[in-house]
$ cat protein-v6.cif   # mmCIF, C-alpha atoms
data_start
loop_
_atom_site.label_atom_id
_atom_site.label_comp_id
_atom_site.auth_asym_id
_atom_site.auth_seq_id
_atom_site.Cartn_x
_atom_site.Cartn_y
_atom_site.Cartn_z
CA MET Z 1 0.00 0.00 0.00
CA SER Z 2 2.94 2.37 0.51
CA ALA Z 3 3.26 3.03 -3.22
CA GLN Z 4 -0.05 4.91 -3.03
CA TYR Z 5 1.74 7.82 -1.33
CA LEU Z 6 4.73 10.14 -1.89
CA LEU Z 7 4.98 10.03 -5.69
CA GLY Z 8 4.30 6.31 -5.74
CA SER Z 9 7.50 5.38 -3.96
CA SER Z 10 7.38 2.37 -1.65
CA LYS Z 11 10.94 3.12 -0.46
CA LEU Z 12 10.56 6.69 0.87
CA LEU Z 13 8.11 5.83 3.64
CA ARG Z 14 10.68 3.94 5.68
CA THR Z 15 12.99 6.93 5.73
CA LEU Z 16 10.41 9.18 7.41
CA PRO Z 17 9.57 9.51 11.13
CA SER Z 18 6.26 8.00 12.25
CA LYS Z 19 4.87 11.43 13.15
CA VAL Z 20 5.40 12.68 9.61
CA LEU Z 21 3.56 9.67 8.24
CA THR Z 22 0.72 10.20 10.70
CA ASP Z 23 0.46 13.87 9.70
CA PHE Z 24 0.09 12.74 6.10
CA GLY Z 25 -2.76 10.49 7.17
CA ILE Z 26 -0.82 7.34 6.41
CA PRO Z 27 -1.77 4.40 8.71
CA VAL Z 28 1.64 3.42 10.10
CA ASP Z 29 0.34 0.19 11.60
CA ARG Z 30 -0.47 -1.08 8.14
CA LEU Z 31 3.07 -0.74 6.84
CA GLN Z 32 4.65 -4.15 6.48
CA GLY Z 33 8.29 -5.05 6.16
CA PRO Z 34 9.59 -7.10 3.27
CA PRO Z 35 8.60 -10.78 3.37
CA ARG Z 36 10.96 -13.33 4.85
CA TYR Z 37 11.56 -16.53 2.95
CA VAL Z 38 12.93 -19.83 4.20
CA LEU Z 39 14.12 -22.60 1.93
CA VAL Z 40 13.29 -26.14 3.01
CA ALA Z 41 14.42 -29.25 1.14
CA GLY Z 42 13.18 -32.05 3.31
CA ALA Z 43 12.73 -35.78 3.25
CA GLU Z 44 9.42 -36.96 4.69
CA HIS Z 45 11.27 -38.79 7.49
CA PRO Z 46 14.80 -37.32 7.47
CA GLU Z 47 17.75 -38.84 9.28
CA ALA Z 48 18.48 -35.34 10.56
CA THR Z 49 17.60 -31.69 9.95
CA ILE Z 50 20.41 -29.24 9.26
CA LEU Z 51 20.14 -25.46 9.49
CA VAL Z 52 22.54 -24.00 6.92
CA GLU Z 53 23.97 -20.51 7.35
CA ASN Z 54 23.88 -19.42 3.72
CA PRO Z 55 21.83 -20.44 0.66
CA HIS Z 56 24.89 -21.16 -1.47
CA SER Z 57 25.94 -24.05 0.76
CA PHE Z 58 22.27 -25.03 1.03
CA GLU Z 59 22.18 -25.47 -2.75
CA ALA Z 60 25.34 -27.59 -2.69
CA ALA Z 61 23.90 -29.78 0.07
CA VAL Z 62 20.58 -30.30 -1.69
CA LYS Z 63 22.36 -31.37 -4.89
CA ALA Z 64 24.65 -33.71 -2.96
CA ASP Z 65 21.79 -35.32 -1.01
CA LYS Z 66 20.43 -37.18 -4.04
CA GLU Z 67 18.62 -39.80 -1.94
CA CYS Z 68 16.91 -37.14 0.18
CA ARG Z 69 18.26 -38.49 3.44
CA PHE Z 70 18.17 -35.17 5.27
CA CYS Z 71 16.11 -32.03 5.69
CA TRP Z 72 18.02 -28.86 4.78
CA ILE Z 73 16.90 -25.39 5.84
CA ALA Z 74 18.26 -21.95 4.95
CA THR Z 75 16.94 -18.41 4.85
CA TYR Z 76 16.43 -17.07 1.38
CA GLY Z 77 18.53 -14.13 0.26
CA TYR Z 78 19.07 -13.13 -3.36
CA GLY Z 79 17.68 -9.64 -2.75
CA LEU Z 80 14.21 -10.74 -1.65
CA SER Z 81 14.72 -10.77 2.10
CA LYS Z 82 15.61 -7.92 4.42
CA SER Z 83 18.70 -6.25 3.03
CA ASP Z 84 19.98 -5.19 6.45
CA GLU Z 85 20.18 -8.74 7.78
CA SER Z 86 22.75 -11.40 7.01
CA TYR Z 87 21.48 -14.89 6.21
CA GLY Z 88 22.39 -16.06 9.71
CA ASP Z 89 20.72 -13.08 11.38
CA GLN Z 90 17.56 -13.79 9.42
CA MET Z 91 17.58 -17.37 10.67
CA VAL Z 92 18.04 -16.28 14.29
CA ASN Z 93 15.26 -13.70 14.07
CA ILE Z 94 12.85 -16.14 12.49
CA VAL Z 95 13.62 -18.91 15.00
CA SER Z 96 13.51 -16.61 18.04
CA GLN Z 97 10.21 -15.00 17.15
CA TYR Z 98 8.63 -17.56 14.85
CA SER Z 99 7.71 -14.43 12.93
CA PRO Z 100 5.67 -14.77 9.72
CA VAL Z 101 7.72 -16.56 7.14
CA ILE Z 102 7.04 -17.99 3.71
CA THR Z 103 8.34 -21.51 3.20
CA LEU Z 104 9.76 -22.26 -0.24
CA SER Z 105 9.99 -26.00 -0.81
CA ARG Z 106 12.72 -27.54 -2.97
CA ARG Z 107 11.44 -31.11 -2.79
CA PRO Z 108 8.18 -32.89 -3.68
CA TYR Z 109 7.55 -33.46 0.01
CA TYR Z 110 6.38 -30.16 1.47
CA THR Z 111 6.72 -29.15 5.11
CA GLU Z 112 6.37 -25.78 6.78
CA PHE Z 113 9.46 -24.34 8.42
CA LYS Z 114 8.10 -24.50 11.97
CA GLN Z 115 6.90 -28.08 11.56
CA ALA Z 116 10.27 -29.14 10.15
CA ILE Z 117 12.05 -27.68 13.19
CA GLU Z 118 9.68 -29.27 15.68
CA ALA Z 119 9.82 -32.67 13.99
CA ALA Z 120 13.61 -32.75 14.16
CA CYS Z 121 13.60 -33.31 17.95
CA ASN Z 122 17.15 -34.34 18.92
CA ASN Z 123 18.37 -34.64 15.33
CA LEU Z 124 18.73 -30.91 14.70
CA PHE Z 125 22.09 -29.55 13.57
CA PHE Z 126 23.72 -26.31 12.47
CA TRP Z 127 26.35 -25.84 9.79
CA GLY Z 128 27.88 -22.46 9.01
CA ASP Z 129 31.17 -20.67 8.49
CA LEU Z 130 33.97 -21.56 10.86
CA ASP Z 131 34.47 -18.05 12.19
CA LEU Z 132 33.36 -15.98 15.16
CA ALA Z 133 30.20 -14.76 13.45
CA GLY Z 134 29.17 -18.30 12.49
CA LEU Z 135 29.66 -19.52 16.04
CA ASP Z 136 27.71 -16.52 17.33
CA ILE Z 137 24.79 -17.45 15.07
CA TYR Z 138 24.91 -21.00 16.40
CA GLY Z 139 24.96 -19.78 19.99
CA ARG Z 140 21.98 -17.49 19.48
CA LEU Z 141 20.03 -20.23 17.72
CA LYS Z 142 20.79 -22.74 20.47
CA GLN Z 143 19.35 -20.39 23.08
CA PHE Z 144 15.96 -20.90 21.40
CA LEU Z 145 16.58 -24.45 20.16
CA PRO Z 146 18.26 -26.28 23.07
CA ALA Z 147 18.49 -29.55 21.11
CA LEU Z 148 20.59 -27.89 18.38
CA LYS Z 149 24.07 -29.33 17.86
CA LEU Z 150 26.97 -28.60 15.52
CA SER Z 151 27.06 -30.78 12.43
CA ARG Z 152 30.19 -32.83 11.84
CA LEU Z 153 30.44 -31.04 8.51
CA TYR Z 154 32.62 -28.74 10.62
CA GLN Z 155 35.18 -31.55 10.91
CA PRO Z 156 36.89 -31.05 7.50
CA MET Z 157 36.88 -27.30 8.19
CA VAL Z 158 38.61 -27.76 11.53
CA GLU Z 159 41.17 -30.08 9.93
CA GLU Z 160 41.88 -27.48 7.24
CA LEU Z 161 42.59 -24.78 9.81
CA GLN Z 162 44.78 -27.16 11.80
CA ARG Z 163 46.80 -27.75 8.60
CA GLY Z 164 47.38 -24.02 8.36
CA GLY Z 165 44.66 -23.24 5.84
CA GLY Z 166 41.91 -20.64 6.02
CA HIS Z 167 42.12 -16.87 5.75
CA SER Z 168 42.74 -14.02 8.12
CA TYR Z 169 39.80 -11.95 9.25
CA GLN Z 170 41.38 -8.85 7.76
CA SER Z 171 41.85 -10.34 4.28
CA ALA Z 172 38.20 -11.37 4.15
CA GLN Z 173 36.97 -8.07 5.64
CA LYS Z 174 35.70 -9.90 8.71
CA GLU Z 175 37.79 -8.03 11.30
CA ARG Z 176 34.65 -6.59 12.93
CA GLN Z 177 33.22 -9.99 13.78
CA SER Z 178 32.47 -10.70 17.42
CA LEU Z 179 31.30 -13.62 19.50
CA GLY Z 180 28.84 -13.28 22.34
CA GLU Z 181 29.13 -15.09 25.66
CA PHE Z 182 27.46 -18.49 25.60
CA PRO Z 183 27.60 -21.39 28.09
CA PHE Z 184 28.22 -23.95 25.35
CA GLU Z 185 31.54 -25.82 25.50
CA GLU Z 186 31.59 -26.61 21.79
CA ILE Z 187 31.63 -22.89 21.02
CA HIS Z 188 34.56 -22.30 23.33
CA GLU Z 189 36.54 -25.12 21.71
CA LEU Z 190 35.96 -23.97 18.14
CA SER Z 191 36.48 -20.30 18.96
CA LYS Z 192 40.06 -21.11 19.94
CA ILE Z 193 40.65 -22.75 16.57
CA CYS Z 194 39.23 -19.84 14.59
CA ALA Z 195 40.41 -17.01 16.82
CA SER Z 196 42.77 -15.56 14.21
CA VAL Z 197 41.90 -17.42 11.00
CA ALA Z 198 38.55 -18.39 9.52
CA LEU Z 199 37.10 -20.64 6.85
CA ASP Z 200 33.90 -20.30 4.84
CA GLN Z 201 31.58 -23.29 4.78
CA GLU Z 202 31.76 -23.41 0.97
CA PHE Z 203 35.16 -25.07 1.48
CA VAL Z 204 33.42 -28.34 2.29
CA GLU Z 205 32.62 -30.66 -0.62
CA VAL Z 206 29.30 -31.84 0.73
CA GLU Z 207 28.97 -34.75 -1.66
CA LYS Z 208 32.18 -36.29 -0.29
CA ASN Z 209 31.20 -35.58 3.32
CA LEU Z 210 27.44 -36.15 3.23
CA SER Z 211 27.56 -38.88 5.87
CA LEU Z 212 28.84 -36.31 8.39
CA SER Z 213 25.79 -34.09 8.01
CA GLY Z 214 23.54 -35.58 10.66
CA SER Z 215 26.08 -36.37 13.35
CA GLU Z 216 27.88 -34.37 16.00
#
$ encode --input "protein-v6.cif" --output "structure tokens"
Amino acid sequence: MSAQYLLGSSKLLRTLPSKVLTDFGIPVDRLQGPPRYVLVAGAEHPEATILVENPHSFEAAVKADKECRFCWIATYGYGLSKSDESYGDQMVNIVSQYSPVITLSRRPYYTEFKQAIEAACNNLFFWGDLDLAGLDIYGRLKQFLPALKLSRLYQPMVEELQRGGGHSYQSAQKERQSLGEFPFEEIHELSKICASVALDQEFVEVEKNLSLSGSE
């Protein structure tokens, strides 16, 4: 409805104070933010459900999981979701609030995002970048999903850093990353490994490591 005002621009309204909008007679409570999308590629009875930090790795995992053994979930970016949120932040916000979200299914079997999370029970895992921001996303998610565990897809990433691989935070423009305080031992252990170097999850060849997906 916002394109009905201010020269037909749907963008200008969000730059104005609420009082200005009210003075114009624009019903502020009817303004809606951009829709949030979640991608779900799920088996009807998956061995495990994996929350994936970014949609690029989600795509790689879906292609690798040819037998549909797992349920993969990622927030949908590509310019259609909130531009001021990273993929991981979108996932945290959706999980913490169960805010309205549109589920986009990539498999014949369709399941809503919330139902997929609830059905996972103790077989719910997270896989993201091996850096402070990725661990922070995991920690925030785990506060709302106590059963959440780190996928063993982190294993080849850890091994790569231990071999001296990875990249510095500065070279990848990640020097502003930070990690909150969480009472989860697995975060403390991994944060020591990636304290000065990091590794993006795209490093992992999912097809070769698919069996690690649903295990901790």
$ residues_around --input "protein-v6.cif" --residues "Ser215 in chain Z" --least-positions-apart "4" --cutoff "9 Å" --atoms "only C-alpha atoms" --output "PyMOL selection string"
chain Z and resi 48+123+125+149-153+211
$ atom_distance --input "protein-v6.cif" --atom1 "CA of His45 in chain Z" --atom2 "CA of Thr111 in chain Z"
10.9 Å
$ atom_distance --input "protein-v6.cif" --atom1 "CA of Val204 in chain Z" --atom2 "CA of Pro146 in chain Z"
25.8 Å
$ residues_near_point --input "protein-v6.cif" --point "(40.2, -28.2, 12.9)" --cutoff "12 Å" --atoms "only C-alpha atoms" --output "ChimeraX atom specification"
/Z:130-131,152-166,189-195,197-199
$ atom_distance --input "protein-v6.cif" --atom1 "CA of Ala120 in chain Z" --atom2 "CA of Cys71 in chain Z"
8.9 Å
$ resolve_selection --input "protein-v6.cif" --expression "the PyMOL selection byres ((chain Z and resi 102) around 8)" --output "PyMOL selection string"
chain Z and resi 35-38+100-101+103-104
$ resolve_selection --input "protein-v6.cif" --expression "the PyMOL selection byres ((chain Z and resi 136) around 12)" --output "tab-separated table (two decimals) with C-alpha atoms, in the coordinates of the input"
chain	number	residue	atom	x	y	z
Z	53	GLU	CA	23.97	-20.51	7.35
Z	88	GLY	CA	22.39	-16.06	9.71
Z	89	ASP	CA	20.72	-13.08	11.38
Z	92	VAL	CA	18.04	-16.28	14.29
Z	126	PHE	CA	23.72	-26.31	12.47
Z	128	GLY	CA	27.88	-22.46	9.01
Z	129	ASP	CA	31.17	-20.67	8.49
Z	130	LEU	CA	33.97	-21.56	10.86
Z	131	ASP	CA	34.47	-18.05	12.19
Z	132	LEU	CA	33.36	-15.98	15.16
Z	133	ALA	CA	30.20	-14.76	13.45
Z	134	GLY	CA	29.17	-18.30	12.49
Z	135	LEU	CA	29.66	-19.52	16.04
Z	137	ILE	CA	24.79	-17.45	15.07
Z	138	TYR	CA	24.91	-21.00	16.40
Z	139	GLY	CA	24.96	-19.78	19.99
Z	140	ARG	CA	21.98	-17.49	19.48
Z	141	LEU	CA	20.03	-20.23	17.72
Z	142	LYS	CA	20.79	-22.74	20.47
Z	143	GLN	CA	19.35	-20.39	23.08
Z	177	GLN	CA	33.22	-9.99	13.78
Z	178	SER	CA	32.47	-10.70	17.42
Z	179	LEU	CA	31.30	-13.62	19.50
Z	180	GLY	CA	28.84	-13.28	22.34
Z	181	GLU	CA	29.13	-15.09	25.66
Z	182	PHE	CA	27.46	-18.49	25.60
Z	183	PRO	CA	27.60	-21.39	28.09
Z	184	PHE	CA	28.22	-23.95	25.35
Z	186	GLU	CA	31.59	-26.61	21.79
Z	187	ILE	CA	31.63	-22.89	21.02
Z	188	HIS	CA	34.56	-22.30	23.33
Z	190	LEU	CA	35.96	-23.97	18.14
Z	191	SER	CA	36.48	-20.30	18.96
$ closest_residue --input "protein-v6.cif" --among "Z:Val206, Z:Ala74, Z:Cys121, Z:Val62" --to "Glu47 in chain Z" --atoms "all atoms listed in the file"
Z:Cys121
